[in-house]
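Read through the structure below, which is laid out as structure tokens, and then see the notes.
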Amino acid sequence: MRRTRRQFLKSYAVAGAAPLILKSGLLAKGNSPNEKLNLAFIGAGGRANANMKEMANENVVALCDVDEKTLAEAAKRYPGARTYTDWRKCLEQKDIDAVVCSTTDHTHAFVNVWAMNRGKHVYSEKPLANSVHEARVVREKYLANKGKLATQMGTQMHSTDNARRVVELIRAGAIGVPKEVRVWCSRRPEGGSYLPPEGEPPGHLHWDLWIGPSPKHPYNSGYPGSCLKWNRFWDFGSGQIGDMGSHMMDWAFWALDLRFPTTCEAQGSPANEDTCPTWLTAVWDHPANDWRPEVKVYWYDGGKKPGMPSKIFHQQAEELAEASVRGAEGKDPLFKGLLFKGDQGFLMCDYSWRLLMPSGDMTHYKSPRPEDLIPPSPGHQLEWIQACKTGSPTGCNFDYAGAEIEHNLLALVAYRVGKKLQWDAANLKATNCPEADKFIRKQYRTDWVLDG
């Protein structure tokens with residue numbers, strides 16, 4: 001039986017939500033929400049600092065970072081935690097209940113899979129993986145442990161109230177039947193080539209472990225640090241579609257209940273063997289589901305943006321954006337956003353605002369009843385902590401998030417082969433483009449195993 005939008009909205013209070021059935025003895029100290037988890041932080045700087053702050057009420061029993069200076073700073077806050085420079089050794093510590101992965105993107109999938117293989121709950125910074133194949137492996141590993149492990153990808157804006165209101169409006173028919181969504185982030189990444197050798201790395205940095213499974217590169221101080229330094233390189237990241245695309249596309253995935261596309265095509269700056277495109281546009285076709293017809297999903301980065309339905313709508317959106325939080329460095333109020341189009345209007349939004357432009361008198365729309373509204377989140381990290389302890393659902397579990405990251409990174413495959421891909425998601429194949437295989441699956445250095 002086909003579900004109505006209202007039935008679908010009510011059943012999807014949390015994206016991909018299904019309570020976990022935690023097995024007895026899963027946690028070292030039981031399943032009470034009052035008990036503390038034993039956490040391992042793999043990656044102890046950068047995003048780990050924000051995650052540590054949100055998870056401050058738990059026990060930190062292990063810290064791992066390839067930079068011994070960063071590791072020492074974290075150890076001052078958690079003097080009882082054991083310290084490691086190699087995350088593979090860290091994961092063998094027996095008293096760990098759950099793992100927080102805040103490493104560089106090219107090691108996310110490895111940490112996530114290895115941790116789940118050892119029965120650990122996992123919170124991972126976005127993106128879950130650095131290739132289409134890696135995203136599938138992470139997702140399938142989670143599905144093999146569904147009901148036993150709690151997982152969450154760090155797309156924190158998923159847990160905001162504004163995200164919930166946007167999803168409710170789309171699902172309840174505020175713009176009528178959805179037809180498409182256009183998603184953008186105007187950040188302009190650098191291009192260029194892999195960096196030249198700078199001699200020996202500093203003694204506190206374990207460079208070979210920083211490189212991890214990727215091909216060997218000589219040390220250059222331009223790689224470590226902020227993600228904006230390294231995620232433009234194919235061996236270490238996936239550009240803006242991997243970075244900000246993880247955040248922005250999340251709302252499209254949730255609102256339209258997207259899964260696997262049937263086609264994907266992309267264009268961008270001239271191809272470079274070393275670095276991701278400095279601008280990218282992409283479009284995916286998604287099949288109909290039980291409450292909406294087929295939809296198209298568009299992506300724009302590097303300064304590219306979609307056209308607006310009207311000048312007045314554009315002006316109103318800019319005013320809303322300026323009244324909340326301006327765009328990057330205060331230059332562009334519509335630096336990023338989403339524009340949903342339906343047969344009865346448009347909805348534009350960003351993290352802290354939303355604007356509805358109906359094309360009719362709204363008689364087609366029945367606002368959700370109070371009992372149908374998506375309940376608030378306790379916070380993105382705390383949502384995961386509760387799930388680890390009680391089996392409650394998380395909004396960005398690795399089933400949902402794995403499908404989103406696979407979808408996003410498929411655009412880079414289409415860009416690199418220069419063809420519109422006919423996508424066979426079941427077999428992870430572009431049926432019309434066998435040359436895409438080398439970009440779907442990455443090759444790793446000897447002794448680095450993804451499913452270890």
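Chain labels follow the order of the structure tokens: the first chain is A, the next B, and so on; residue numbering restarts at 1 in every chain, and ligands are counted from 1 in their shown order.
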
Could you give me, as a list in words, the residues within 9 Å of Trp251 (chain A), counting only C-alpha atoms and dropping anything in the same chain fewer than 6 positions from it?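 That gives Met157, His158, Ala163, Val166, Val167 and Leu338 of chain A.
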
Any chance you could export the current selection's C-alpha atoms as a CSV table (one decimal), in the first residue's frame?
```csv
chain,number,residue,atom,x,y,z
A,157,MET,CA,23.3,20.7,11.1
A,158,HIS,CA,21.1,17.6,10.6
A,163,ALA,CA,16.4,21.2,9.4
A,166,VAL,CA,12.4,22.3,6.2
A,167,VAL,CA,11.8,18.5,6.1
A,338,LEU,CA,19.3,24.7,-1.1
```

As number ranges by chain, please: the residues near region 416-421 of chain A (cut-off 9 Å, only C-alpha atoms, same-chain neighbours under 6 positions excluded). A: 262-267, 271-272, 410, 430-433, 435-436, 439

Atoms kept (N, CA and C atoms) for selection, written as a compact mmCIF listing (two decimals), in the first residue's frame:
```txt
# COMPACT_ATOMS: atom_id res chain seq x y z
N THR A 262 19.99 6.83 -10.50
CA THR A 262 20.06 5.99 -11.69
C THR A 262 21.05 6.53 -12.71
N THR A 263 21.29 7.84 -12.69
CA THR A 263 22.28 8.45 -13.57
C THR A 263 23.01 9.54 -12.82
N CYS A 264 24.18 9.92 -13.35
CA CYS A 264 24.94 11.04 -12.80
C CYS A 264 25.83 11.60 -13.90
N GLU A 265 25.85 12.91 -14.02
CA GLU A 265 26.79 13.55 -14.92
C GLU A 265 27.32 14.81 -14.24
N ALA A 266 28.54 15.21 -14.66
CA ALA A 266 29.17 16.36 -14.00
C ALA A 266 30.12 17.06 -14.96
N GLN A 267 30.28 18.34 -14.72
CA GLN A 267 31.25 19.15 -15.44
C GLN A 267 32.04 19.95 -14.42
N ALA A 271 40.43 18.93 -16.03
CA ALA A 271 40.84 17.81 -15.18
C ALA A 271 42.32 17.91 -14.82
N ASN A 272 42.61 17.56 -13.59
CA ASN A 272 43.98 17.55 -13.07
C ASN A 272 44.21 16.22 -12.38
N LEU A 410 30.03 9.95 -6.41
CA LEU A 410 29.79 9.49 -7.77
C LEU A 410 29.94 10.65 -8.76
N ALA A 430 29.08 1.54 -13.32
CA ALA A 430 28.56 2.40 -14.37
C ALA A 430 28.44 1.53 -15.61
N THR A 431 27.22 1.13 -15.93
CA THR A 431 27.03 0.10 -16.96
C THR A 431 27.49 0.54 -18.34
N ASN A 432 27.53 1.82 -18.59
CA ASN A 432 27.94 2.33 -19.89
C ASN A 432 29.38 2.82 -19.92
N CYS A 433 30.12 2.60 -18.83
CA CYS A 433 31.43 3.24 -18.73
C CYS A 433 32.38 2.39 -17.88
N GLU A 435 35.46 2.28 -17.84
CA GLU A 435 36.65 3.02 -17.42
C GLU A 435 36.43 3.77 -16.10
N ALA A 436 35.18 3.81 -15.65
CA ALA A 436 34.89 4.45 -14.37
C ALA A 436 35.37 3.62 -13.19
N PHE A 439 38.09 4.79 -10.83
CA PHE A 439 37.79 5.93 -9.97
C PHE A 439 36.77 5.57 -8.90
```

Could I get the residues of region 220-305 of chain A with an atom no further than 12 Å from an atom of region 348-351 of chain A, each paired with its nearest atom pair and that distance in Å to one decimal, using only C-alpha atoms, sorted by chain and residue number, as CSV?
```
residue,atom,partner,partner_atom,distance
A:His247,CA,A:Tyr351,CA,9.6
A:Met248,CA,A:Asp350,CA,8.4
A:Met249,CA,A:Asp350,CA,11.2
A:Asp250,CA,A:Tyr351,CA,11.4
A:Trp251,CA,A:Asp350,CA,9.4
A:Ala252,CA,A:Cys349,CA,10.7
```

Preceding selection exported with N, CA and C atoms as a CSV table (one decimal), in the first residue's frame:
```csv
chain,number,residue,atom,x,y,z
A,247,HIS,N,27.5,18.2,4.2
A,247,HIS,CA,26.5,19.0,5.0
A,247,HIS,C,25.3,19.4,4.2
A,248,MET,N,25.5,20.0,3.0
A,248,MET,CA,24.4,20.6,2.3
A,248,MET,C,23.5,19.6,1.6
A,249,MET,N,24.1,18.5,1.1
A,249,MET,CA,23.3,17.5,0.4
A,249,MET,C,22.5,16.7,1.4
A,250,ASP,N,22.9,16.7,2.7
A,250,ASP,CA,22.2,16.0,3.7
A,250,ASP,C,20.7,16.4,3.8
A,251,TRP,N,20.5,17.7,3.7
A,251,TRP,CA,19.1,18.2,3.9
A,251,TRP,C,18.2,17.7,2.7
A,252,ALA,N,18.8,17.7,1.5
A,252,ALA,CA,18.1,17.2,0.3
A,252,ALA,C,17.8,15.7,0.5
```

Excluding same-chain residues fewer than 2 positions from Trp184 (chain A), what lies within 8 Å of it counting only C-alpha atoms, as a CSV table (one decimal) with N, CA and C atoms, in the first residue's frame?
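Printed below is selection_9.csv as written:
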```csv
chain,number,residue,atom,x,y,z
A,182,ARG,N,18.2,22.1,-5.9
A,182,ARG,CA,19.5,22.6,-6.3
A,182,ARG,C,20.3,23.0,-5.0
A,186,SER,N,29.6,28.1,-2.4
A,186,SER,CA,30.4,28.9,-3.3
A,186,SER,C,31.9,28.9,-3.0
A,245,GLY,N,29.7,19.4,0.6
A,245,GLY,CA,28.6,18.6,0.0
A,245,GLY,C,28.0,17.7,1.0
A,248,MET,N,25.5,20.0,3.0
A,248,MET,CA,24.4,20.6,2.3
A,248,MET,C,23.5,19.6,1.6
A,299,TRP,N,24.1,20.0,-8.1
A,299,TRP,CA,25.1,20.5,-7.2
A,299,TRP,C,25.9,21.6,-7.9
A,300,TYR,N,26.3,22.6,-7.1
A,300,TYR,CA,27.2,23.7,-7.7
A,300,TYR,C,28.2,24.0,-6.6
A,301,ASP,N,29.5,24.2,-7.0
A,301,ASP,CA,30.5,24.7,-6.1
A,301,ASP,C,31.5,25.6,-6.9
A,304,LYS,N,29.8,28.6,-8.6
A,304,LYS,CA,28.7,28.4,-9.5
A,304,LYS,C,27.4,28.4,-8.6
A,305,LYS,N,26.3,28.9,-9.1
A,305,LYS,CA,25.0,28.9,-8.4
A,305,LYS,C,23.9,28.7,-9.3
A,306,PRO,N,22.8,28.2,-8.8
A,306,PRO,CA,21.6,28.1,-9.6
A,306,PRO,C,20.9,29.5,-9.8
A,335,PHE,N,26.0,32.5,0.2
A,335,PHE,CA,27.2,31.7,0.0
A,335,PHE,C,26.9,30.2,-0.3
A,336,LYS,N,25.9,29.7,0.5
A,336,LYS,CA,25.5,28.3,0.3
A,336,LYS,C,24.0,28.2,0.6
A,337,GLY,N,23.4,27.1,0.1
A,337,GLY,CA,22.0,27.0,0.3
A,337,GLY,C,21.4,25.8,-0.5
A,338,LEU,N,20.1,25.7,-0.3
A,338,LEU,CA,19.3,24.7,-1.1
A,338,LEU,C,18.1,25.4,-1.6
```

Skip Gln316 (chain A) itself and residues of its chain fewer than 4 positions away, then list as a ChimeraX atom specification all residues within 12 Å of it, counting only C-alpha atoms. /A:308-312,320-323,333-334,347-349,353-357
